[in-house]
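Novice: So here's structure_4.cif (mmCIF, C-alpha atoms).
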data_my_file
loop_
_atom_site.group_PDB
_atom_site.id
_atom_site.type_symbol
_atom_site.label_atom_id
_atom_site.label_comp_id
_atom_site.auth_asym_id
_atom_site.auth_seq_id
_atom_site.Cartn_x
_atom_site.Cartn_y
_atom_site.Cartn_z
ATOM 1 C CA MET C 286 103.513 87.170 127.098
ATOM 2 C CA SER C 287 103.921 84.495 124.421
ATOM 3 C CA SER C 288 105.879 84.979 121.214
ATOM 4 C CA PHE C 289 102.585 85.006 119.326
ATOM 5 C CA GLN C 290 101.092 87.734 121.545
ATOM 6 C CA LYS C 291 104.251 89.818 121.211
ATOM 7 C CA LEU C 292 103.846 89.540 117.434
ATOM 8 C CA ILE C 293 100.228 90.704 117.639
ATOM 9 C CA THR C 294 101.393 93.714 119.685
ATOM 10 C CA LEU C 295 103.958 94.595 117.001
ATOM 11 C CA VAL C 296 101.359 94.222 114.244
ATOM 12 C CA ASP C 297 99.121 96.668 116.121
ATOM 13 C CA GLU C 298 102.052 99.062 116.637
ATOM 14 C CA LEU C 299 102.653 99.053 112.889
ATOM 15 C CA TYR C 300 99.062 100.029 112.261
ATOM 16 C CA GLN C 301 99.318 102.889 114.766
ATOM 17 C CA GLU C 302 102.106 104.374 112.640
ATOM 18 C CA SER C 303 99.964 104.383 109.482
ATOM 19 C CA ASN C 304 99.098 108.059 110.015
ATOM 20 C CA TRP C 305 102.691 108.705 108.943
ATOM 21 C CA ALA C 306 102.334 106.609 105.760
ATOM 22 C CA GLU C 307 103.568 109.324 103.405
ATOM 23 C CA LYS C 308 106.534 110.400 105.510
ATOM 24 C CA SER C 309 110.025 109.591 104.283
ATOM 25 C CA SER C 310 113.623 110.300 105.202
ATOM 26 C CA ILE C 311 116.188 109.545 102.523
ATOM 27 C CA GLU C 312 118.909 109.394 105.211
ATOM 28 C CA VAL C 313 117.137 106.418 106.785
ATOM 29 C CA SER C 314 115.440 104.616 103.889
ATOM 30 C CA LYS C 315 114.510 105.063 100.250
ATOM 31 C CA ALA C 316 110.976 103.914 101.141
ATOM 32 C CA THR C 317 108.157 105.692 102.951
ATOM 33 C CA VAL C 318 106.669 104.690 106.291
ATOM 34 C CA GLY C 319 103.656 103.362 104.378
ATOM 35 C CA TRP C 320 105.880 101.132 102.250
ATOM 36 C CA HIS C 321 107.505 99.620 105.362
ATOM 37 C CA ILE C 322 104.107 98.990 106.961
ATOM 38 C CA ALA C 323 102.583 97.460 103.810
ATOM 39 C CA HIS C 324 105.717 95.352 103.233
ATOM 40 C CA SER C 325 105.635 94.047 106.800
ATOM 41 C CA TYR C 326 101.984 93.057 106.448
ATOM 42 C CA LEU C 327 102.651 91.391 103.090
ATOM 43 C CA VAL C 328 105.448 89.340 104.680
ATOM 44 C CA ILE C 329 103.046 88.240 107.436
ATOM 45 C CA ILE C 330 100.296 87.422 104.932
ATOM 46 C CA LYS C 331 102.525 85.500 102.517
ATOM 47 C CA SER C 332 104.277 83.673 105.387
ATOM 48 C CA CYS C 333 100.968 82.570 106.909
ATOM 49 C CA GLU C 334 99.590 81.480 103.534
ATOM 50 C CA ASN C 335 102.784 79.562 102.838
ATOM 51 C CA LEU C 336 102.736 77.865 106.242
ATOM 52 C CA LEU C 337 99.086 76.858 105.833
ATOM 53 C CA SER C 338 99.704 75.406 102.359
ATOM 54 C CA ASN C 339 102.899 73.421 103.173
ATOM 55 C CA THR C 340 101.465 70.491 105.082
ATOM 56 C CA ASN C 341 104.458 68.141 104.874
ATOM 57 C CA ARG C 342 107.743 68.742 106.621
ATOM 58 C CA PRO C 343 110.961 68.583 104.625
ATOM 59 C CA SER C 344 113.442 65.972 105.800
ATOM 60 C CA LYS C 345 116.433 68.340 105.711
ATOM 61 C CA ASN C 346 117.220 72.035 105.853
ATOM 62 C CA PRO C 347 120.360 72.819 103.848
ATOM 63 C CA LYS C 348 120.254 76.366 105.285
ATOM 64 C CA TRP C 349 119.969 75.300 108.942
ATOM 65 C CA LEU C 350 123.122 77.152 110.039
ATOM 66 C CA ARG C 351 121.984 80.407 108.443
ATOM 67 C CA GLN C 352 118.607 79.986 110.152
ATOM 68 C CA GLU C 353 120.162 79.291 113.567
ATOM 69 C CA VAL C 354 122.380 82.386 113.297
ATOM 70 C CA PHE C 355 119.356 84.490 112.327
ATOM 71 C CA PHE C 356 117.360 83.320 115.346
ATOM 72 C CA LEU C 357 120.342 83.680 117.664
ATOM 73 C CA LEU C 358 121.203 87.240 116.570
ATOM 74 C CA ARG C 359 117.565 88.322 116.123
ATOM 75 C CA LYS C 360 118.660 90.929 113.583
ATOM 76 C CA ILE C 361 118.200 91.646 109.913
ATOM 77 C CA PRO C 362 121.101 93.578 108.392
ATOM 78 C CA ARG C 363 120.008 96.766 106.657
ATOM 79 C CA ASN C 364 120.401 97.133 102.905
ATOM 80 C CA LYS C 365 121.837 93.637 102.516
ATOM 81 C CA ILE C 366 118.779 91.624 101.490
ATOM 82 C CA GLU C 367 116.328 92.733 98.817
ATOM 83 C CA ALA C 368 112.664 91.896 99.341
ATOM 84 C CA PRO C 369 111.231 89.400 96.824
ATOM 85 C CA ASP C 370 108.714 90.932 94.411
ATOM 86 C CA PHE C 371 105.738 89.163 96.013
ATOM 87 C CA VAL C 372 106.231 91.165 99.237
ATOM 88 C CA VAL C 373 106.995 94.518 97.608
ATOM 89 C CA PRO C 374 103.894 96.697 97.968
ATOM 90 C CA ILE C 375 102.481 98.483 94.949
ATOM 91 C CA ASP C 376 99.969 100.427 97.056
ATOM 92 C CA ASP C 377 100.893 101.832 100.454
ATOM 93 C CA SER C 378 97.873 104.074 100.954
ATOM 94 C CA GLN C 379 96.146 104.135 104.341
ATOM 95 C CA LYS C 380 93.158 102.307 102.861
ATOM 96 C CA GLU C 381 95.402 99.508 101.558
ATOM 97 C CA ILE C 382 97.313 99.380 104.845
ATOM 98 C CA LYS C 383 94.006 98.860 106.694
ATOM 99 C CA ARG C 384 93.051 96.046 104.295
ATOM 100 C CA LEU C 385 96.450 94.384 104.730
ATOM 101 C CA TYR C 386 96.243 94.772 108.523
ATOM 102 C CA ASP C 387 92.856 93.028 108.613
ATOM 103 C CA GLN C 388 94.090 90.221 106.361
ATOM 104 C CA ALA C 389 97.305 89.764 108.367
ATOM 105 C CA MET C 390 95.413 89.590 111.680
ATOM 106 C CA SER C 391 92.952 87.067 110.271
ATOM 107 C CA LEU C 392 95.743 84.810 108.997
ATOM 108 C CA LEU C 393 97.729 85.107 112.216
ATOM 109 C CA LEU C 394 94.728 83.838 114.152
ATOM 110 C CA GLN C 395 94.557 80.876 111.753
ATOM 111 C CA ILE C 396 98.176 79.873 112.352
ATOM 112 C CA GLU C 397 98.202 80.452 116.114
ATOM 113 C CA GLN C 398 97.630 76.780 116.949
ATOM 114 C CA ASN C 399 99.123 75.325 113.767
ATOM 115 C CA LYS C 400 101.583 72.513 114.488
ATOM 116 C CA ASP C 401 101.859 71.065 110.969
ATOM 117 C CA GLY C 402 103.868 71.952 107.904
ATOM 118 C CA TYR C 403 106.542 74.605 107.568
ATOM 119 C CA LEU C 404 107.242 78.051 106.170
ATOM 120 C CA SER C 405 109.382 77.842 103.043
ATOM 121 C CA HIS C 406 111.727 80.831 103.286
ATOM 122 C CA PRO C 407 114.003 81.714 100.333
ATOM 123 C CA PHE C 408 116.970 82.725 102.513
ATOM 124 C CA LEU C 409 116.507 80.707 105.727
ATOM 125 C CA GLY C 410 115.051 77.503 104.318
ATOM 126 C CA PRO C 411 112.107 75.681 105.921
ATOM 127 C CA ILE C 412 110.985 77.176 109.242
ATOM 128 C CA LYS C 413 109.019 75.040 111.713
ATOM 129 C CA PRO C 414 105.535 76.313 112.680
ATOM 130 C CA LYS C 415 106.504 77.041 116.286
ATOM 131 C CA ARG C 416 109.285 79.379 115.057
ATOM 132 C CA VAL C 417 107.192 81.311 112.534
ATOM 133 C CA PRO C 418 105.832 83.883 115.045
ATOM 134 C CA PHE C 419 109.401 84.523 116.242
ATOM 135 C CA PHE C 420 110.612 84.980 112.656
ATOM 136 C CA LEU C 421 107.745 87.416 111.991
ATOM 137 C CA ARG C 422 108.511 89.300 115.226
ATOM 138 C CA ILE C 423 112.133 89.806 114.206
ATOM 139 C CA HIS C 424 111.109 90.994 110.739
ATOM 140 C CA THR C 425 108.333 93.283 111.994
ATOM 141 C CA ALA C 426 110.544 94.784 114.734
ATOM 142 C CA HIS C 427 113.223 95.481 112.091
ATOM 143 C CA HIS C 428 110.774 97.548 110.041
ATOM 144 C CA LEU C 429 109.270 99.251 113.107
ATOM 145 C CA GLN C 430 112.766 100.432 114.011
ATOM 146 C CA ILE C 431 113.218 101.907 110.531
ATOM 147 C CA ILE C 432 109.779 103.545 110.739
ATOM 148 C CA ARG C 433 110.592 105.138 114.094
ATOM 149 C CA GLU C 434 113.826 106.525 112.677
ATOM 150 C CA ILE C 435 111.975 107.994 109.692
ATOM 151 C CA ILE C 436 109.370 109.620 111.947
ATOM 152 C CA LYS C 437 111.965 111.205 114.282
#
Have the structure of the file written as structure tokens, please.

Specialist:
Amino acid sequence: MSSFQKLITLVDELYQESNWAEKSSIEVSKATVGWHIAHSYLVIIKSCENLLSNTNRPSKNPKWLRQEVFFLLRKIPRNKIEAPDFVVPIDDSQKEIKRLYDQAMSLLLQIEQNKDGYLSHPFLGPIKPKRVPFFLRIHTAHHLQIIREIIK
């Protein structure tokens, strides 16, 4: 299974957990399951839109080491990085989650064969198109893990 197909599987798994949208566990996270799902979809949506709009490649990545460590470890530390406002959901209802799911899937299909441009990430710097699905897999898996702990 390709990295892209593994990402699609994770995106579907997120949606399957949307029945638990209102559930929370303060011991695990301040946010609800619905928040984590909506946030994950917003990250996918904004990442795809960013990749599709950045057609030129930057000549250098001043954050290359940070990016390499991220991809090597495949982990996001909990409670260390705050989500930028543009990926913080204001509505995490099941209806909104369904809308975000549909939009995320549509955009993922658009980037599947994309070989141009880059994703401009605030912490990792520019990410090449072939690495974007892997980045999104790591991020989505991170939030799925939190969701599963909340649901337990």

Novice: When you count all atoms listed in the file, which of these residues is closest to Glu302 in chain C: C:Leu409, C:Val354, C:Ile396, C:Leu429?

Specialist: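 Of C:Leu409, C:Val354, C:Ile396, C:Leu429, the one nearest Glu302 in chain C is C:Leu429, counting all atoms listed in the file.
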
Novice: Take the PyMOL selection byres ((chain C and resi 369) around 12), apply it to the structure above, and return the hits as a PyMOL selection string.

Specialist: chain C and resi 324+327-328+331+366-368+370-374+406-408

Novice: With all atoms listed in the file as the basis for distance, which of C:Asn399, C:His427, C:Pro411, C:Arg416 is at the shortest distance from Leu337 in chain C?

Specialist: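 Between C:Asn399, C:His427, C:Pro411, C:Arg416, the residue approaching Leu337 in chain C most closely is C:Asn399.
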
Novice: Between C:Ser405, C:Gln395, C:Ser314, C:Thr294, which has the minimum distance to Asn335 in chain C (counting only C-alpha atoms)?

Specialist: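 For Asn335 in chain C, the nearest of the candidates is C:Ser405.
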
Novice: Tell me which residues the PyMOL selection byres ((chain C and resi 383) around 12) grabs here, as JSON, numbers by chain.

Specialist: {"C": [296, 297, 299, 300, 301, 302, 303, 304, 306, 319, 322, 323, 326, 327, 376, 377, 378, 379, 380, 381, 382, 384, 385, 386, 387, 388, 389, 390]}

Novice: In Å, how far is it from CA of Ser344 in chain C to CA of Pro362 in chain C?

Specialist: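 Computing the Euclidean distance for CA of Ser344 in chain C and CA of Pro362 in chain C yields 28.8 Å.
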
Novice: Go through C:Gln290, C:Gln398, C:Ser391, C:Gln430 and flag the residue nearest Ile329 in chain C, using only C-alpha atoms for the distances.

Specialist: C:Ser391

Novice: Taking the point (120.9, 77.9, 109.3) as given in the file, collect each protein or nucleic acid residue that comes within 12 Å of it, counting only C-alpha atoms, and present the set as a list in words.

Specialist: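 The residues near that point, listed by chain and number, are Lys345, Asn346, Pro347, Lys348, Trp349, Leu350, Arg351, Gln352, Glu353, Val354, Phe355, Phe356, Leu357, Leu358, His406, Pro407, Phe408, Leu409, Gly410, Pro411 and Ile412 of chain C.
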
Novice: Output C-alpha atoms for every residue in that selection, as an mmCIF file, in the frame of the given file.

Specialist:
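Generated file (selection_1.cif):
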data_model
loop_
_atom_site.group_PDB
_atom_site.id
_atom_site.type_symbol
_atom_site.label_atom_id
_atom_site.label_comp_id
_atom_site.auth_asym_id
_atom_site.auth_seq_id
_atom_site.Cartn_x
_atom_site.Cartn_y
_atom_site.Cartn_z
ATOM 1 C CA LYS C 345 116.433 68.340 105.711
ATOM 2 C CA ASN C 346 117.220 72.035 105.853
ATOM 3 C CA PRO C 347 120.360 72.819 103.848
ATOM 4 C CA LYS C 348 120.254 76.366 105.285
ATOM 5 C CA TRP C 349 119.969 75.300 108.942
ATOM 6 C CA LEU C 350 123.122 77.152 110.039
ATOM 7 C CA ARG C 351 121.984 80.407 108.443
ATOM 8 C CA GLN C 352 118.607 79.986 110.152
ATOM 9 C CA GLU C 353 120.162 79.291 113.567
ATOM 10 C CA VAL C 354 122.380 82.386 113.297
ATOM 11 C CA PHE C 355 119.356 84.490 112.327
ATOM 12 C CA PHE C 356 117.360 83.320 115.346
ATOM 13 C CA LEU C 357 120.342 83.680 117.664
ATOM 14 C CA LEU C 358 121.203 87.240 116.570
ATOM 15 C CA HIS C 406 111.727 80.831 103.286
ATOM 16 C CA PRO C 407 114.003 81.714 100.333
ATOM 17 C CA PHE C 408 116.970 82.725 102.513
ATOM 18 C CA LEU C 409 116.507 80.707 105.727
ATOM 19 C CA GLY C 410 115.051 77.503 104.318
ATOM 20 C CA PRO C 411 112.107 75.681 105.921
ATOM 21 C CA ILE C 412 110.985 77.176 109.242
#

Novice: For range 376-392 of chain C, I'd like the enclosing box, axis-aligned and padded by 4 Å on every side, reported as JSON with centre and edge lengths in Å to one decimal.

Specialist:
{"center_x": 96.9, "center_y": 94.5, "center_z": 104.4, "size_x": 16.0, "size_y": 27.3, "size_z": 22.6}

Novice: Tell me which of C:Arg433, C:Arg363, C:Lys315, C:Lys291 sits closest to Leu421 in chain C, counting only C-alpha atoms.

Specialist: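 Answer, going by the shortest atom-to-atom distance: C:Lys291.
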
Novice: With distances taken over all atoms listed in the file, which residue among C:His428, C:Pro414, C:Arg422, C:Ile435 lies nearest Leu336 in chain C?

Specialist: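 Using all atoms listed in the file, Leu336 in chain C sits closest to C:Pro414.
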
Novice: Enter the distance from CA of Leu295 in chain C to CA of Lys308 in chain C, in Å, rounded to one decimal.

Specialist: 19.7 Å
